Amino acid sequence: MTKKLESKQLAVTFAVWCALLMVALWLLANVGLYVSAAEQMMKWHMFFDLSPAGLIGGVIEAMVMSVVLVYTFVFVYNWLGKSLK
């Protein structure tokens with residue numbers, strides 16, 4: 001028996017966590033810590049940079065990506081759980 005997941009709440013939760021982690025990495029990289037991790041994040045995210053505008057762009061991009069991915073995953077999970085009963 002699988003429990004149905006709430007897609008909107010889970011997607012928003014992941015989006016908030018991604019935004020907070022992006023802000024934390026940006027702050028740490030701007031004081032000289034985890035600079036190599038920030039450089040990798042700049043490679044993975046098109047709009048992320050160590051400038052304030054790069055922070056806003058990176059946060060928005062991370063939130064959008066996480067909402068789409070988590071919402072899709074939960075939709076497939078619930079669909080498979082319903083169809084396999």
# chains A, B, ... in the order shown; residues from 1 in each chain; ligands from 1
>>> residues_around(residues="stretch 27-38 of chain A", least_positions_apart="5", cutoff="9 Å", atoms="only C-alpha atoms", output="PyMOL selection string")
chain A and resi 22+43+48-51
>>> select_by_dssp(residues="chain A", states="helix (DSSP H, G or I)", output="number ranges by chain")
A: 7-30, 35-44, 52-83
>>> closest_residue(among="A:Met65, A:Ala11, A:Val23, A:Val76", to="A:Pro52", atoms="only C-alpha atoms")
A:Val23
>>> atom_distance(atom1="atom CA of A:Val64", atom2="atom CA of A:Asn78")
21.1 Å
>>> residues_around(residues="A:Ser7", least_positions_apart="5", cutoff="12 Å", atoms="only C-alpha atoms", output="ChimeraX atom specification")
/A:12-14,66-79
>>> closest_residue(among="A:Val16, A:Lys85, A:Leu25, A:Met46", to="A:Glu61", atoms="only C-alpha atoms")
A:Met46
>>> atom_distance(atom1="atom CA of A:Ser83", atom2="atom CA of A:Leu10")
21.3 Å
>>> closest_residue(among="A:Met63, A:Ala53, A:Lys3, A:Gln40", to="A:Ala19", atoms="only C-alpha atoms")
A:Met63
>>> atom_distance(atom1="atom CA of A:Phe47", atom2="atom CA of A:Cys18")
14.5 Å
